[in-house]
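Structure first, commentary second.
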Amino acid sequence: MSIVDDRPQLRIETPASLRRTGPVPTAPPSRPRPAPAGPPAARPEPAAEPAAEPAPTAPLSARERAAELAEKRAEVLRGPSDQATEAQHAKGKLTARERLDLLFDPGSFTEVEGLRRHRATGFGLEAKKPHTDGVVIGWGQVDGRQVFAYAHDFRIFGGALGEAHAQKIHKIMDLAAAAGAPVIGLCDGAGARIQEGVTALAGYGGIFQRNVRNSGVIPQISVMLGPCAGGAAYSPALTDFVFMVRGTSQMFITGPDVVQAVTGEKISQNGLGGADVHAETTGVAAFVSDDEESCLADVRHLLSLLPANNRELPPRELESDPVDRRTDALLDLVPADPNRSYDMRAVIAEIVDDGEFFEVHERWAPNIVCALTRLGGDVVGIVANQPQSLAGVLDIHSSEKAARFVQLCDAFNIPLVTLVDVPGFLPGVAQEHGGVIRHGAKLLYAYCNATVPRIQLILRKAYGGAYIVMDSRSIGTDLSLAWPTNEIAVMGAEGAANVVFRREIAASEDPDRTRAERIQEYRTELMHPYYAAERGLVDDVIDPGETRSRLIGGLAMLRAKHVPLPSRKHGNQPQ
């Protein structure tokens with residue numbers, strides 16, 4: 001069967017104008033064009049062959065990676081440059097790592113985040129990213145006990161604080177709190193890193209917050225080994241102790257240039273905020289040294305007198321000084337005449353183990369002595385009036401000094417021994433207008449709030465409100481002892497007789513004789529050494545030669561003292 005396609009066929013006609021007849025013409029041969037004037041054209045280079053792909057490199061072996069790490073660590077330890085190290089030494093200052101070597105037991109320091117770098121950009125920072133970012137952090141052993149530390153490296157950005165720098169300090173402070181161990185800041189920095197703006201300022205805020213949160217929980221020590229200006233100065237002020245070095249340490253909120261621009265006063269950096277200024281005038285520096293080596297040695301000694309945290313007792317040492325050693329030398333050291341002066345430091349040296357004590361704020365408010373020492377191998381804090389300075393009176397500065405020391409001892413479970421020889425509070429318009437009531441109340445508050453073992457020893461005078469404030473029985477001392485030379489009264493016999501017998505003395509034919517008789521009468525009736533003991537305000541009158549053994553025995557009895565505290569967020573102490 002055949003199939004025929006009978007559909008109409010489509011036929012396309014070509015217009016006549018487009019039809020060609022005859023053979024198809026070929027293209028005429030091309031004529032050569034004349035070459036352009038000028039030098040002949042260079043012959044084209046043959047096309048380059050595609051470059052061969054590089055052969056894949058073998059990954060570094062474990063040994064090569066370890067060698068690379070060792071090189072990076074060596075680079076970190078070398079620091080930015082030899083020139084920067086020489087410049088640091090030329091200023092009489094050690095580098096951050098040299099300081100850490102002096103602070104910690106040899107070979108015990110472990111660094112963390114040594115490879116940290118900042119991530120800031122702008123103002124050329126992206127081209128300069130040294131390892132550590134200007135601060136070395138880690139932990140180690142001091143006399144075999146764990147301690148954390150951070151040390152500013154002035155060779156890198158002048159020790160200025162940026163975001164990464166601050167985060168490293170935050171980290172080590174948090175680790176110290178978690179481990180329950182002291183944290184030490186070796187400070188040598190130029191303040192906030194200006195190029196990082198508000199980010200740097202926020203870093204300081206994190207440090208301040210941790211200072212406050214760790215206060216009374218772990219010991220915090222600031223060692224000023226260079227400049228500290230502006231807001232950076234507040235962190236050391238929030239810590240428990242501040243060390244400074246003469247000639248190289250300065251602390252101030254506004255520098256000399258700003259002071260001169262605003263007030264017209266011209267002053268040097270050391271004159272404005274040097275070590276001696278803060279040791280004698282402001283009370284910011286608790287300890288001052290002549291060089292960094294002795295400063296760091298003092299830091300190590302202080303750590304030997306402090307517990308690791310507020311849940312532990314201070315480290316005890318085996319006593320080398322007999323507990324029952326008599327202290328008969330005190331009979332000659334302290335004159336019976338209440339108007340004669342003597343050095344309270346000699347009394348302390350006679351009582352404590354091996355005559356050694358570590359005085360805090362030695363040159364500020366010298367009319368009161370605050371010292372850490374040992375009695376029978378146990379750490380104690382001593383607060384004592386100093387008759388050599390202002391007759392041992394209490395005033396604004398001495399009240400502040402003693403109050404802070406009492407709070408420190410109470411926070412870290414250090415028993416308190418108070419040696420009393422006080423004629424009262426310092427009178428005067430400047431004291432009253434300066435707020436002696438408010439400042440004196442700080443010391444009263446600190447003693448009343450303290451729960452550690454407390455012993456009061458009255459050597460001679462104990463007059464008026466100052467007697468009460470100096471840890472009397474009425475404000476909660478556990479034991480009150482007195483020497484036979486004690487005089488406890490509202491005021492001295494002379495002043496009391498002039499008030500009580502004023503009219504009688506004025507009407508007398510012989511006022512001087514009557515005054516002398518009434519002074520003796522007042523002293524005999526109310527100021528004999530057994531008056532307070534008869535009324536239970538003194539637990540015992542002791543022989544001065546028994547002082548050491550009685551204090552050690554009392555502290556041993558109180559070792560397990562426990563005082564339940566009221567449920568409260570915190571007290572509102574006088575400011």
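Lettering and numbering for the structure tokens are positional, with chains as A, B, ... in the shown order, residues counted from 1 in each chain, and ligands counted from 1 in the shown order.
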_List the spatial neighbours of segment 83-91 of chain A as a PyMOL selection string - criterion: any atom at most 9 Å away, only C-alpha atoms, same-chain residues fewer than 2 positions off excluded._
chain A and resi 79-81+93-95+154-156+248
Could you write those residues out with N, CA, C and O atoms, as an mmCIF file, in the first residue's frame?
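What landed in part.cif:
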```cif
data_model
loop_
_atom_site.group_PDB
_atom_site.id
_atom_site.type_symbol
_atom_site.label_atom_id
_atom_site.label_comp_id
_atom_site.auth_asym_id
_atom_site.auth_seq_id
_atom_site.Cartn_x
_atom_site.Cartn_y
_atom_site.Cartn_z
ATOM 1 N N GLY A 79 60.114 40.287 72.909
ATOM 2 C CA GLY A 79 59.494 41.597 72.979
ATOM 3 C C GLY A 79 59.615 42.348 71.684
ATOM 4 O O GLY A 79 60.096 41.811 70.668
ATOM 5 N N PRO A 80 59.218 43.613 71.668
ATOM 6 C CA PRO A 80 59.158 44.348 70.398
ATOM 7 C C PRO A 80 60.511 44.573 69.749
ATOM 8 O O PRO A 80 60.656 44.418 68.540
ATOM 9 N N SER A 81 61.529 44.979 70.532
ATOM 10 C CA SER A 81 62.854 45.231 69.950
ATOM 11 C C SER A 81 63.857 45.449 71.066
ATOM 12 O O SER A 81 63.497 45.771 72.208
ATOM 13 N N LYS A 93 63.980 51.388 84.763
ATOM 14 C CA LYS A 93 62.860 50.469 84.950
ATOM 15 C C LYS A 93 63.164 49.113 84.330
ATOM 16 O O LYS A 93 63.874 49.022 83.336
ATOM 17 N N LEU A 94 62.605 48.077 84.931
ATOM 18 C CA LEU A 94 62.726 46.725 84.393
ATOM 19 C C LEU A 94 61.612 46.480 83.381
ATOM 20 O O LEU A 94 60.613 47.198 83.364
ATOM 21 N N THR A 95 61.774 45.453 82.571
ATOM 22 C CA THR A 95 60.703 45.073 81.659
ATOM 23 C C THR A 95 59.656 44.256 82.415
ATOM 24 O O THR A 95 59.886 43.797 83.544
ATOM 25 N N PHE A 154 55.459 48.375 79.000
ATOM 26 C CA PHE A 154 55.528 49.752 78.514
ATOM 27 C C PHE A 154 56.161 49.834 77.130
ATOM 28 O O PHE A 154 55.965 50.810 76.407
ATOM 29 N N ARG A 155 56.892 48.800 76.730
ATOM 30 C CA ARG A 155 57.547 48.819 75.420
ATOM 31 C C ARG A 155 56.549 48.692 74.276
ATOM 32 O O ARG A 155 56.874 48.991 73.128
ATOM 33 N N ILE A 156 55.346 48.229 74.568
ATOM 34 C CA ILE A 156 54.317 48.029 73.538
ATOM 35 C C ILE A 156 53.186 49.025 73.766
ATOM 36 O O ILE A 156 52.500 48.959 74.785
ATOM 37 N N THR A 248 60.118 56.780 89.792
ATOM 38 C CA THR A 248 59.557 56.192 88.583
ATOM 39 C C THR A 248 58.043 56.029 88.631
ATOM 40 O O THR A 248 57.429 55.832 87.587
#
```
_Test item, strand (DSSP E or B) assignment across segment 373-447 of chain A, answer as a PyMOL selection string_ = chain A and resi 373-375+378-385+394+416-422+425
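Compared by their closest atoms to Leu408 of chain A, and using only C-alpha atoms, the residues A:Pro307, A:Gly377, A:Gly185, A:Pro574 rank with A:Pro307 nearest.
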Write out as a compact mmCIF listing (two decimals) with all heavy atoms, in the first residue's frame the residues lying within 10 Å of Arg345 of chain A, counting only C-alpha atoms and excluding same-chain residues fewer than 2 positions away.
```
# COMPACT_ATOMS: atom_id res chain seq x y z
N TYR A 342 57.13 58.39 124.06
CA TYR A 342 57.95 57.21 123.78
C TYR A 342 57.55 56.69 122.40
O TYR A 342 56.53 57.11 121.83
CB TYR A 342 57.76 56.12 124.85
CG TYR A 342 56.36 55.57 124.92
CD1 TYR A 342 55.98 54.43 124.22
CD2 TYR A 342 55.37 56.21 125.68
CE1 TYR A 342 54.69 53.92 124.27
CE2 TYR A 342 54.08 55.73 125.75
CZ TYR A 342 53.74 54.58 125.04
OH TYR A 342 52.46 54.11 125.09
N ASP A 343 58.33 55.76 121.87
CA ASP A 343 58.06 55.21 120.53
C ASP A 343 57.28 53.91 120.65
O ASP A 343 57.79 52.90 121.15
CB ASP A 343 59.39 54.97 119.81
CG ASP A 343 59.20 54.58 118.34
OD1 ASP A 343 58.03 54.44 117.91
OD2 ASP A 343 60.21 54.42 117.63
N VAL A 347 57.66 49.25 121.53
CA VAL A 347 56.78 48.38 122.31
C VAL A 347 56.33 47.20 121.46
O VAL A 347 56.36 46.04 121.90
CB VAL A 347 55.57 49.19 122.82
CG1 VAL A 347 54.57 48.27 123.51
CG2 VAL A 347 56.03 50.28 123.76
N ILE A 348 55.93 47.47 120.23
CA ILE A 348 55.47 46.40 119.34
C ILE A 348 56.59 45.41 119.10
O ILE A 348 56.39 44.18 119.16
CB ILE A 348 54.96 47.00 118.02
CG1 ILE A 348 53.74 47.89 118.27
CG2 ILE A 348 54.63 45.90 117.02
CD1 ILE A 348 53.28 48.67 117.06
N ALA A 349 57.80 45.92 118.82
CA ALA A 349 58.93 45.04 118.55
C ALA A 349 59.24 44.14 119.74
O ALA A 349 59.67 42.99 119.57
CB ALA A 349 60.16 45.87 118.18
N GLU A 350 59.05 44.63 120.96
CA GLU A 350 59.30 43.82 122.15
C GLU A 350 58.28 42.70 122.31
O GLU A 350 58.59 41.62 122.82
CB GLU A 350 59.30 44.73 123.38
CG GLU A 350 59.52 44.02 124.70
CD GLU A 350 60.89 43.36 124.82
OE1 GLU A 350 61.82 43.75 124.08
OE2 GLU A 350 61.03 42.43 125.65
N GLY A 355 60.65 40.35 117.07
CA GLY A 355 60.71 41.79 116.90
C GLY A 355 60.40 42.29 115.51
O GLY A 355 60.68 43.45 115.17
N PHE A 357 57.83 43.29 112.36
CA PHE A 357 56.47 43.65 111.95
C PHE A 357 56.55 44.46 110.67
O PHE A 357 57.57 45.08 110.37
CB PHE A 357 55.73 44.42 113.05
CG PHE A 357 56.41 45.71 113.47
CD1 PHE A 357 56.05 46.92 112.90
CD2 PHE A 357 57.40 45.71 114.45
CE1 PHE A 357 56.65 48.12 113.28
CE2 PHE A 357 58.00 46.89 114.84
CZ PHE A 357 57.64 48.09 114.26
N GLU A 359 54.85 47.46 108.78
CA GLU A 359 53.96 48.59 109.01
C GLU A 359 53.32 49.06 107.71
O GLU A 359 53.97 49.19 106.67
CB GLU A 359 54.71 49.74 109.67
CG GLU A 359 53.81 50.89 110.10
CD GLU A 359 54.51 51.92 110.95
OE1 GLU A 359 55.68 51.69 111.32
OE2 GLU A 359 53.89 52.97 111.23
N VAL A 369 49.74 53.67 114.52
CA VAL A 369 50.55 52.64 113.87
C VAL A 369 49.65 51.47 113.51
O VAL A 369 48.91 50.96 114.37
CB VAL A 369 51.69 52.17 114.79
CG1 VAL A 369 52.48 51.03 114.15
CG2 VAL A 369 52.63 53.33 115.14
N ALA A 371 50.06 47.66 111.68
CA ALA A 371 51.11 46.75 111.26
C ALA A 371 50.61 45.31 111.22
O ALA A 371 49.76 44.92 112.04
CB ALA A 371 52.32 46.85 112.18
N ALA A 384 47.82 50.76 117.01
CA ALA A 384 48.39 51.33 118.24
C ALA A 384 48.54 52.84 118.11
O ALA A 384 49.00 53.34 117.07
CB ALA A 384 49.75 50.70 118.54
N ASN A 385 48.16 53.56 119.14
CA ASN A 385 48.42 55.00 119.18
C ASN A 385 49.92 55.23 119.29
O ASN A 385 50.64 54.46 119.92
CB ASN A 385 47.72 55.64 120.38
CG ASN A 385 46.23 55.35 120.42
OD1 ASN A 385 45.76 54.62 121.28
ND2 ASN A 385 45.49 55.89 119.46
N GLN A 386 50.39 56.32 118.67
CA GLN A 386 51.83 56.62 118.66
C GLN A 386 52.08 57.93 119.41
O GLN A 386 51.90 59.03 118.86
CB GLN A 386 52.32 56.72 117.22
CG GLN A 386 53.74 57.20 117.04
CD GLN A 386 54.79 56.35 117.72
OE1 GLN A 386 54.86 56.33 118.95
NE2 GLN A 386 55.61 55.68 116.94
N GLN A 388 54.67 59.49 120.03
CA GLN A 388 55.71 60.33 119.45
C GLN A 388 55.16 61.34 118.44
O GLN A 388 55.85 62.29 118.09
CB GLN A 388 56.76 59.47 118.75
CG GLN A 388 57.93 59.09 119.64
CD GLN A 388 59.10 58.54 118.84
OE1 GLN A 388 58.95 58.15 117.69
NE2 GLN A 388 60.26 58.49 119.46
```
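Every protein or nucleic acid residue with an atom no more than 12 Å from segment 57-73 of chain A, counting only C-alpha atoms and leaving out same-chain residues fewer than 6 positions away, appears here: Gly79, Glu111, Val112, Glu113, Gly114, Leu115, Arg116, Pro130, His131 and Thr132 of chain A.
Shortest atom-to-atom contact with Pro415 of chain A among A:Ala441, A:Gly554, A:Asp543, A:Val360: A:Gly554, counting only C-alpha atoms.
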*Just how far from atom CA of Asp421 of chain A is atom CA of Gly476 of chain A, in Å to one decimal?*
18.7 Å
*Mind listing the alpha helix (DSSP H) residues of segment 224-433 of chain A, per DSSP on the backbone, as a VMD selection string?*
chain A and resid 234 to 238 256 to 263 269 to 273 275 to 277 292 to 303 330 to 333 344 to 351 396 to 411 429 to 433
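Considering only C-alpha atoms, the residue among A:Gly92, A:Pro338, A:Gly274, A:Gly283 positioned nearest to Ala365 of chain A is A:Gly283.
Summary of the local environment: counting only C-alpha atoms, residues at most 10 Å from Cys228 of chain A, other than itself and those fewer than 6 positions away along its chain, are Ala160, Cys187, Asp188, Gly189, Ala190, Gly191, Tyr234, Ser235, Pro236, Ser249, Gln250, Met251, Phe252, Ile253, Gly255 and Gly273 of chain A.
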_Pick from A:Val147, A:Met527, A:Ala391, A:Ile194 nearest to Ala176 of chain A, counting only C-alpha atoms_ = A:Val147
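Residues with any atom within 12 Å of Pro106 of chain A, counting only C-alpha atoms and excluding same-chain neighbours fewer than 2 positions away, are Glu98, Arg99, Leu100, Asp101, Leu102, Leu103, Phe104, Ser108, Phe109, Thr110, Gly140, Gln141, Val142, Asp143 and Gly144 of chain A.
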Take the residues that were just selected and, keeping C-alpha atoms, output them as a tab-separated table (two decimals), in the first residue's frame.
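Full text of out_18.tsv as output:
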```
chain	number	residue	atom	x	y	z
A	98	GLU	CA	61.98	40.86	84.41
A	99	ARG	CA	59.53	42.05	87.06
A	100	LEU	CA	57.57	38.81	86.93
A	101	ASP	CA	60.81	36.87	87.35
A	102	LEU	CA	61.52	38.80	90.57
A	103	LEU	CA	57.99	38.34	91.89
A	104	PHE	CA	57.52	34.60	91.33
A	108	SER	CA	57.00	28.78	88.25
A	109	PHE	CA	55.28	31.43	86.09
A	110	THR	CA	52.81	30.16	83.47
A	140	GLY	CA	52.84	31.12	89.42
A	141	GLN	CA	54.12	30.38	92.89
A	142	VAL	CA	55.28	32.83	95.56
A	143	ASP	CA	56.95	30.89	98.37
A	144	GLY	CA	55.10	27.85	97.06
```
*asked:* I need the residue nearest Asn449 of chain A from this list: A:Glu487, A:Asp410, A:Asp354, A:Glu292. Use only C-alpha atoms for the distance.
replied: A:Asp410
